[in-house]
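Printed here is protein-v3.csv (CSV, C-alpha atoms and all ligand atoms):
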chain,number,residue,atom,x,y,z
A,1,MET,CA,-0.7,-9.0,16.6
A,2,ASN,CA,3.0,-8.5,17.1
A,3,ASN,CA,5.3,-7.4,14.3
A,4,ALA,CA,6.2,-11.0,13.3
A,5,GLU,CA,2.5,-11.8,12.9
A,6,ILE,CA,1.9,-8.7,10.9
A,7,LEU,CA,4.7,-9.5,8.5
A,8,ALA,CA,3.5,-13.1,8.2
A,9,ALA,CA,0.0,-11.8,7.3
A,10,PHE,CA,1.6,-9.5,4.7
A,11,TYR,CA,3.3,-12.5,3.0
A,12,VAL,CA,0.1,-14.5,3.0
A,13,ARG,CA,-2.0,-11.6,1.6
A,14,ARG,CA,0.5,-10.8,-1.1
A,15,ARG,CA,0.8,-14.4,-2.3
A,16,HIS,CA,-3.0,-14.6,-2.3
A,17,TYR,CA,-3.4,-11.6,-4.6
A,18,ASP,CA,-0.4,-12.6,-6.7
A,19,THR,CA,-2.0,-16.0,-7.4
A,20,TYR,CA,-5.2,-14.3,-8.5
A,21,LEU,CA,-3.5,-11.8,-10.8
A,22,GLU,CA,-1.5,-14.6,-12.4
A,23,ALA,CA,-4.4,-17.0,-12.8
A,24,ASN,CA,-6.5,-14.3,-14.4
A,25,ASP,CA,-3.8,-12.8,-16.5
A,26,ILE,CA,-4.3,-9.3,-15.0
A,27,HIS,CA,-1.4,-7.0,-15.6
A,28,LEU,CA,-1.1,-5.5,-12.2
A,29,HIS,CA,1.5,-6.0,-9.5
A,30,THR,CA,1.3,-6.3,-5.8
A,31,CYS,CA,3.0,-3.6,-3.9
A,32,PRO,CA,6.1,-4.6,-2.0
A,33,GLY,CA,5.1,-2.3,0.8
A,34,CYS,CA,1.6,-3.5,1.6
A,35,GLY,CA,0.9,-6.6,-0.6
A,36,PHE,CA,-2.2,-5.1,-2.3
A,37,PRO,CA,-2.6,-5.3,-6.1
A,38,SER,CA,-2.1,-1.6,-6.6
A,39,LEU,CA,0.8,-1.1,-9.0
A,40,LYS,CA,0.6,-0.8,-12.8
A,41,GLY,CA,4.3,-1.5,-13.1
A,42,ARG,CA,7.3,-2.3,-11.0
A,43,ARG,CA,10.5,-0.2,-10.3
A,44,GLU,CA,8.9,2.8,-12.0
A,45,PHE,CA,8.6,4.9,-8.9
A,46,PHE,CA,4.8,4.5,-8.7
A,47,ILE,CA,3.5,5.5,-5.3
A,48,CYS,CA,1.1,3.0,-3.9
A,49,LEU,CA,-2.3,4.6,-3.1
A,50,VAL,CA,-2.9,2.1,-0.3
A,51,CYS,CA,0.3,2.5,1.7
A,52,PHE,CA,2.2,5.5,0.1
A,53,TRP,CA,5.3,3.3,-0.5
A,54,GLU,CA,7.2,4.5,-3.6
A,55,ASP,CA,8.3,1.6,-5.6
A,56,ASP,CA,12.0,2.2,-5.9
A,57,GLY,CA,12.6,-1.5,-6.8
A,58,GLN,CA,13.2,-2.8,-3.3
A,59,ASP,CA,11.6,-6.1,-2.6
A,60,ASP,CA,12.4,-9.0,-0.4
A,61,ASN,CA,15.8,-9.8,-1.9
A,62,ALA,CA,16.7,-6.2,-2.7
A,63,GLU,CA,15.9,-5.2,0.8
A,64,SER,CA,18.2,-7.7,2.4
A,65,MET,CA,20.8,-6.9,-0.2
A,66,LEU,CA,20.6,-3.2,0.6
A,67,SER,CA,20.7,-3.7,4.3
A,68,ASN,CA,23.7,-6.0,3.9
A,69,LEU,CA,25.6,-3.5,1.7
A,70,PHE,CA,24.9,-0.5,3.8
A,71,GLU,CA,24.7,-2.0,7.2
A,72,GLY,CA,24.3,0.8,9.7
A,73,VAL,CA,24.1,3.5,7.1
A,74,LYS,CA,20.9,5.4,6.5
A,75,ILE,CA,19.8,5.0,2.9
A,76,SER,CA,18.2,8.0,1.4
A,77,GLY,CA,15.9,7.1,-1.4
A,78,PRO,CA,12.3,8.1,-2.3
A,79,ASN,CA,11.1,6.6,0.9
A,80,GLY,CA,13.7,8.4,3.0
A,81,SER,CA,14.8,6.4,6.0
A,82,LEU,CA,11.7,4.3,6.0
A,83,THR,CA,12.6,0.7,5.5
A,84,LEU,CA,10.4,-1.7,3.5
A,85,THR,CA,9.9,-3.9,6.6
A,86,GLN,CA,8.8,-0.9,8.7
A,87,ASN,CA,6.4,0.2,6.0
A,88,ARG,CA,4.8,-3.3,6.0
A,89,ILE,CA,4.4,-3.1,9.7
A,90,ASN,CA,3.0,0.4,9.7
A,91,ILE,CA,0.3,-0.3,7.1
A,92,GLY,CA,-0.4,-3.7,8.7
A,93,ARG,CA,-1.1,-1.9,12.0
A,94,ILE,CA,-3.5,0.6,10.3
A,95,LEU,CA,-5.4,-2.2,8.6
A,96,GLU,CA,-5.6,-4.2,11.8
A,97,ALA,CA,-7.0,-1.3,13.7
A,98,ASN,CA,-9.5,-0.7,10.9
A,99,ALA,CA,-10.5,-4.3,11.0
A,100,GLU,CA,-11.0,-4.2,14.8
A,101,LEU,CA,-13.3,-1.2,14.4
A,102,ILE,CA,-15.8,-3.3,12.4
A,103,ASN,CA,-14.9,-6.7,13.9
A,104,GLY,CA,-13.8,-7.5,10.4
A,105,GLU,CA,-10.8,-8.6,8.4
A,106,ILE,CA,-8.7,-7.6,5.5
A,107,ASP,CA,-10.6,-8.2,2.3
A,108,LEU,CA,-9.2,-11.2,0.4
A,109,ASP,CA,-11.8,-11.2,-2.3
A,110,THR,CA,-9.3,-10.1,-5.0
A,111,ALA,CA,-11.9,-9.1,-7.6
A,112,ARG,CA,-13.6,-6.8,-5.1
A,113,VAL,CA,-10.3,-5.4,-3.9
A,114,LEU,CA,-9.4,-4.5,-7.5
A,115,LYS,CA,-12.7,-2.7,-7.8
A,116,THR,CA,-12.2,-0.9,-4.5
A,117,ILE,CA,-8.7,0.3,-5.5
A,118,ALA,CA,-9.9,1.4,-9.0
A,119,PHE,CA,-12.7,3.4,-7.5
A,120,PHE,CA,-10.4,5.2,-5.1
A,121,GLN,CA,-7.8,5.7,-7.8
A,122,GLN,CA,-10.4,7.5,-9.8
A,123,ARG,CA,-11.4,9.7,-6.9
A,124,LEU,CA,-7.8,10.6,-6.2
A,125,GLU,CA,-7.2,11.4,-9.9
A,126,GLU,CA,-10.2,13.8,-9.8
A,127,ILE,CA,-8.6,15.5,-6.8
A,128,ASP,CA,-5.3,15.7,-8.6
A,129,ASP,CA,-7.0,17.3,-11.6
A,130,ARG,CA,-8.1,20.1,-9.3
A,131,ILE,CA,-4.6,20.8,-8.0
A,132,MET,CA,-3.4,24.0,-9.6
A,133,GLY,CA,0.1,23.9,-8.1
A,134,ASP,CA,-0.1,27.1,-6.1
A,135,GLU,CA,-1.9,25.7,-3.1
A,136,SER,CA,-0.5,26.4,0.3
A,137,PRO,CA,0.6,23.4,2.4
A,138,TYR,CA,-2.6,24.1,4.5
A,139,ASP,CA,-5.0,24.0,1.5
A,140,HIS,CA,-8.1,21.9,2.1
A,141,ILE,CA,-7.3,19.8,-1.0
A,142,TRP,CA,-4.5,18.0,0.9
A,143,THR,CA,-6.9,17.2,3.7
A,144,GLU,CA,-9.3,15.9,1.1
A,145,SER,CA,-6.8,13.6,-0.6
A,146,GLY,CA,-5.7,12.4,2.9
A,147,GLU,CA,-9.3,11.6,3.8
A,148,VAL,CA,-9.8,9.7,0.6
A,149,ARG,CA,-6.7,7.6,1.3
A,150,LYS,CA,-8.0,6.9,4.8
A,151,ASP,CA,-11.4,5.9,3.3
A,152,LEU,CA,-9.6,3.5,1.0
A,153,GLN,CA,-7.7,1.9,3.9
A,154,MET,CA,-11.1,1.5,5.6
A,155,ALA,CA,-12.7,0.1,2.5
A,156,LEU,CA,-10.1,-2.7,2.3
A,157,VAL,CA,-11.4,-4.3,5.4
A,158,VAL,CA,-14.8,-6.1,5.4
A,159,PRO,CA,-17.0,-7.7,8.1
A,160,LYS,CA,-16.1,-11.3,8.9
A,161,VAL,CA,-18.3,-13.8,7.1
B,1,ZN,ZN,1.3,-0.4,-1.0
For this file, produce the structure as structure tokens.
Amino acid sequence: MNNAEILAAFYVRRRHYDTYLEANDIHLHTCPGCGFPSLKGRREFFICLVCFWEDDGQDDNAESMLSNLFEGVKISGPNGSLTLTQNRINIGRILEANAELINGEIDLDTARVLKTIAFFQQRLEEIDDRIMGDESPYDHIWTESGEVRKDLQMALVVPKV
């Protein structure tokens, strides 16, 4: 897939999950960075556990507004110089590679995706609880949480039916 196809897939996926959340009155939000239903609120600087995007409020409109306002200027926010579009491409590539590994596709069964995310959220919270705050940057606990996130990205693709 090229970048345009990855972005197109992002929009389709996000709309698909949004439709389910609305229809079932589930108070979660899709992440502007990856499209998965991973956020408990918007514009509250939650970090998405699927793609690591920090929700600073940018979205489709805000992004184009920001880039118009600050054309050619690097914006420093919680996501540094990473743009929302680039984030969508990056996570799209990771998921695409994961899907290829199992000859699968991104899971569009929203109920199952919500369970998957909740399960990994709990695992990450258990790791967070063990962080004392004095770990070195090389402590195994960072590797562990990184592995759990990779497992989550793998769990979000399923064999083709
Ligand atoms: Zn995300």
Check: In terms of the shortest atom-to-atom distance over all atoms listed in the file, which of A:Phe120, A:Tyr138, A:Phe46, A:Phe36 is closest to ligand ZN 1 (chain B)?
Finding: A:Phe36
Next item on the list: Could you report the residues within 7 Å of ligand ZN 1 (chain B), using all atoms listed in the file, as a list in words?
Entry: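 These are the residues that qualify: Cys31, Pro32, Gly33, Cys34, Gly35, Phe36, Ser38, Cys48, Leu49, Val50, Cys51, Phe52 and Trp53 of chain A.
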Note to self: Just want the 12 Å neighbourhood of stretch 107-113 of chain A, counted on all atoms listed in the file, with same-chain residues fewer than 4 positions away dropped. Output as a ChimeraX atom specification.
What the structure shows: /A:9-10,12-24,26,28,30,35-38,50,95-96,98-99,117-120,152-161
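Closest approach to A:Asp60 among A:Tyr11, A:Lys150, A:Thr143, A:Asp129: A:Tyr11, based on only C-alpha atoms.
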Next item on the list: Within 10 Å of A:Asn3, counting all atoms listed in the file, which residues show up once you throw out same-chain ones fewer than 3 positions away? Write them as JSON, numbers by chain, please.
Entry: {"A": [6, 7, 8, 9, 85, 86, 88, 89, 90, 92, 93]}
Notebook entry, point to check: What does the distance between atom CA of A:Trp142 and atom CA of A:Glu54 come to in Å, to one decimal place?
Noted result: 18.4 Å
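Here atom CA of A:Leu84 is placed at a distance of 29.0 Å from atom CA of A:Glu126.
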Item checked: Coordinates-based distance that separates atom CA of A:Lys40 from atom CA of A:His27 (Å, one decimal) ->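 These atoms are spaced 7.1 Å apart.
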If you count all atoms listed in the file, which residues fall within 9 Å of A:Leu124, apart from same-chain ones fewer than 6 positions away, as an mmCIF file with C-alpha atoms, in the coordinates of the input?
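See result-v5.cif below for the written result:
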data_model
loop_
_atom_site.group_PDB
_atom_site.id
_atom_site.type_symbol
_atom_site.label_atom_id
_atom_site.label_comp_id
_atom_site.auth_asym_id
_atom_site.auth_seq_id
_atom_site.Cartn_x
_atom_site.Cartn_y
_atom_site.Cartn_z
ATOM 1 C CA LEU A 49 -2.300 4.600 -3.100
ATOM 2 C CA SER A 145 -6.800 13.600 -0.600
ATOM 3 C CA VAL A 148 -9.800 9.700 0.600
ATOM 4 C CA ARG A 149 -6.700 7.600 1.300
#
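Comparing the minimum interatomic distances between A:Asp151 and each of A:Thr116, A:Asn103, A:Asn2, A:Thr83, counting all atoms listed in the file, we find that A:Thr116 sits nearest.
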Assuming 6 Å of padding per side, give the centre and edge lengths of the axis-aligned box around every listed atom of stretch 11-24 of chain A, in Å to one decimal and as lines of an AutoDock Vina configuration file.
center_x = -1.6
center_y = -13.9
center_z = -5.7
size_x = 21.8
size_y = 18.2
size_z = 29.4
